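What follows is coords.cif (mmCIF, N, CA and C atoms).
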```cif
data_query
#
loop_
_atom_site.label_atom_id
_atom_site.label_comp_id
_atom_site.auth_asym_id
_atom_site.auth_seq_id
_atom_site.Cartn_x
_atom_site.Cartn_y
_atom_site.Cartn_z
N MET A 1 -76.06 58.01 100.63
CA MET A 1 -74.63 58.12 100.87
C MET A 1 -74.35 59.46 101.56
N GLU A 2 -73.57 59.40 102.61
CA GLU A 2 -73.25 60.61 103.36
C GLU A 2 -72.20 61.43 102.62
N LYS A 3 -72.41 62.72 102.59
CA LYS A 3 -71.47 63.63 101.93
C LYS A 3 -70.31 63.92 102.87
N LEU A 4 -69.08 63.72 102.39
CA LEU A 4 -67.89 64.01 103.18
C LEU A 4 -67.22 65.27 102.69
N LYS A 5 -66.65 65.99 103.61
CA LYS A 5 -65.86 67.17 103.23
C LYS A 5 -64.51 66.70 102.71
N ILE A 6 -63.96 67.43 101.77
CA ILE A 6 -62.68 67.04 101.17
C ILE A 6 -61.58 66.92 102.22
N GLY A 7 -61.60 67.80 103.22
CA GLY A 7 -60.61 67.74 104.29
C GLY A 7 -60.65 66.43 105.06
N GLU A 8 -61.87 65.93 105.28
CA GLU A 8 -62.02 64.66 105.99
C GLU A 8 -61.48 63.50 105.15
N VAL A 9 -61.72 63.56 103.86
CA VAL A 9 -61.23 62.52 102.96
C VAL A 9 -59.71 62.52 102.95
N ILE A 10 -59.11 63.70 102.81
CA ILE A 10 -57.64 63.80 102.80
C ILE A 10 -57.07 63.32 104.13
N TYR A 11 -57.68 63.74 105.23
CA TYR A 11 -57.22 63.33 106.56
C TYR A 11 -57.24 61.80 106.68
N ASN A 12 -58.36 61.20 106.30
CA ASN A 12 -58.48 59.74 106.41
C ASN A 12 -57.47 59.01 105.54
N LEU A 13 -57.26 59.48 104.33
CA LEU A 13 -56.27 58.85 103.44
C LEU A 13 -54.86 59.03 103.97
N ARG A 14 -54.54 60.22 104.50
CA ARG A 14 -53.21 60.45 105.07
C ARG A 14 -52.94 59.50 106.22
N LYS A 15 -53.92 59.34 107.11
CA LYS A 15 -53.75 58.47 108.27
C LYS A 15 -53.61 57.01 107.83
N GLU A 16 -54.40 56.62 106.85
CA GLU A 16 -54.35 55.24 106.34
C GLU A 16 -52.98 54.92 105.74
N LYS A 17 -52.39 55.89 105.06
CA LYS A 17 -51.10 55.69 104.39
C LYS A 17 -49.91 56.07 105.26
N GLY A 18 -50.17 56.69 106.42
CA GLY A 18 -49.08 57.09 107.31
C GLY A 18 -48.30 58.29 106.80
N VAL A 19 -48.98 59.21 106.14
CA VAL A 19 -48.33 60.39 105.57
C VAL A 19 -48.63 61.60 106.46
N THR A 20 -47.59 62.36 106.79
CA THR A 20 -47.79 63.56 107.61
C THR A 20 -48.25 64.73 106.74
N GLN A 21 -48.74 65.78 107.38
CA GLN A 21 -49.14 66.98 106.65
C GLN A 21 -47.94 67.57 105.93
N GLU A 22 -46.79 67.56 106.58
CA GLU A 22 -45.58 68.11 105.96
C GLU A 22 -45.17 67.31 104.73
N GLU A 23 -45.23 65.99 104.80
CA GLU A 23 -44.89 65.14 103.65
C GLU A 23 -45.85 65.40 102.49
N LEU A 24 -47.13 65.52 102.79
CA LEU A 24 -48.12 65.79 101.76
C LEU A 24 -47.86 67.16 101.12
N ALA A 25 -47.56 68.15 101.95
CA ALA A 25 -47.27 69.50 101.45
C ALA A 25 -46.07 69.49 100.52
N ASP A 26 -45.00 68.80 100.90
CA ASP A 26 -43.81 68.71 100.06
C ASP A 26 -44.14 68.04 98.73
N PHE A 27 -44.93 66.99 98.78
CA PHE A 27 -45.26 66.23 97.58
C PHE A 27 -46.07 67.06 96.58
N ILE A 28 -47.01 67.86 97.08
CA ILE A 28 -47.85 68.63 96.15
C ILE A 28 -47.38 70.07 95.95
N GLY A 29 -46.29 70.44 96.64
CA GLY A 29 -45.68 71.74 96.40
C GLY A 29 -46.35 72.93 97.06
N ILE A 30 -46.94 72.70 98.24
CA ILE A 30 -47.52 73.82 99.00
C ILE A 30 -46.97 73.79 100.42
N SER A 31 -47.29 74.80 101.20
CA SER A 31 -46.79 74.86 102.57
C SER A 31 -47.59 73.92 103.48
N ALA A 32 -46.95 73.50 104.56
CA ALA A 32 -47.63 72.66 105.54
C ALA A 32 -48.81 73.40 106.16
N ALA A 33 -48.67 74.71 106.31
CA ALA A 33 -49.77 75.52 106.85
C ALA A 33 -51.00 75.46 105.94
N ALA A 34 -50.77 75.45 104.64
CA ALA A 34 -51.89 75.37 103.70
C ALA A 34 -52.59 74.02 103.79
N VAL A 35 -51.83 72.97 104.03
CA VAL A 35 -52.42 71.63 104.17
C VAL A 35 -53.27 71.57 105.43
N SER A 36 -52.83 72.22 106.48
CA SER A 36 -53.54 72.13 107.76
C SER A 36 -54.87 72.88 107.76
N LYS A 37 -55.07 73.73 106.78
CA LYS A 37 -56.33 74.50 106.74
C LYS A 37 -57.49 73.70 106.27
#
```
Using C-alpha coordinates, write down the structure that the file contains.
Amino acid sequence: MEKLKIGEVIYNLRKEKGVTQEELADFIGISAAAVSK
(Lines of atoms letter the chains of each structure in order from A and count residues from 1; the text may use other names and numbers.)
(Lines give C-alpha, C1' and ligand atoms only; values in the text may rest on other atoms or scores of the structure.)
Protein backbone atom coordinates (compact mmCIF):
# COMPACT_ATOMS: atom_id res chain seq x y z
CA MET A 1 0.00 0.00 0.00
CA GLU A 2 1.37 3.38 -0.98
CA LYS A 3 1.86 5.88 1.82
CA LEU A 4 -0.03 9.15 1.27
CA LYS A 5 0.75 12.47 2.84
CA ILE A 6 -2.03 13.91 4.97
CA GLY A 7 -2.20 16.98 2.72
CA GLU A 8 -2.92 14.81 -0.29
CA VAL A 9 -5.67 12.98 1.56
CA ILE A 10 -7.30 16.25 2.67
CA TYR A 11 -6.98 17.70 -0.84
CA ASN A 12 -8.60 14.64 -2.42
CA LEU A 13 -11.46 14.58 0.09
CA ARG A 14 -12.07 18.33 -0.32
CA LYS A 15 -12.26 18.00 -4.10
CA GLU A 16 -14.53 14.94 -3.85
CA LYS A 17 -16.94 16.81 -1.55
CA GLY A 18 -16.65 20.18 -3.32
CA VAL A 19 -15.33 21.99 -0.24
CA THR A 20 -13.04 25.00 -0.61
CA GLN A 21 -10.01 25.67 1.58
CA GLU A 22 -11.85 28.63 3.09
CA GLU A 23 -14.92 26.52 3.94
CA LEU A 24 -12.73 23.87 5.55
CA ALA A 25 -10.86 26.52 7.53
CA ASP A 26 -14.12 28.02 8.82
CA PHE A 27 -15.43 24.60 9.79
CA ILE A 28 -12.37 23.60 11.82
CA GLY A 29 -11.67 27.07 13.20
CA ILE A 30 -8.34 27.95 11.58
CA SER A 31 -7.25 30.42 8.93
CA ALA A 32 -7.44 29.65 5.23
CA ALA A 33 -3.68 30.29 5.06
CA ALA A 34 -3.11 27.49 7.57
CA VAL A 35 -5.19 25.10 5.46
CA SER A 36 -3.20 25.94 2.35
CA LYS A 37 0.09 24.93 3.97
task = Can you pull out every residue within 9 Å of Val35 (chain A), counting only C-alpha atoms, but drop anything in the same chain fewer than 3 positions away, and send it as a PyMOL selection string?
result = chain A and resi 21-22+24-25+30-32
inquiry  = Can you measure CA of Ile6 (chain A) to CA of Thr20 (chain A) for me? One decimal in Å is fine.
reply    =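 Spanning CA of Ile6 (chain A) to CA of Thr20 (chain A) is a straight-line distance of 16.6 Å.
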request  = Would you mind reading off the distance between CA of Glu8 (chain A) and atom C of Ala34 (chain A), one decimal, in Å?
outcome  =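 Answer for the CA of Glu8 (chain A) to atom C of Ala34 (chain A) separation: 13.5 Å.
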request  = Could you please determine the separation between CA of Gly29 (chain A) and CA of Lys3 (chain A) in Å, to one decimal place?
outcome  =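 CA of Lys3 (chain A) lies 27.6 Å from CA of Gly29 (chain A).
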ask   = Which parts of chain A does DSSP call alpha helix (DSSP H) when run on the backbone here, written out as a ChimeraX atom specification?
value = /A:6-17,21-28,32-36
Output, as lines of an AutoDock Vina configuration file, the centre and edge lengths in Å (one decimal) of the axis-aligned box that contains all listed atoms of region 17-20 of chain A with 8 Å of margin on each side.
```
center_x = -50.0
center_y = 60.2
center_z = 106.0
size_x = 20.8
size_y = 25.0
size_z = 19.2
```
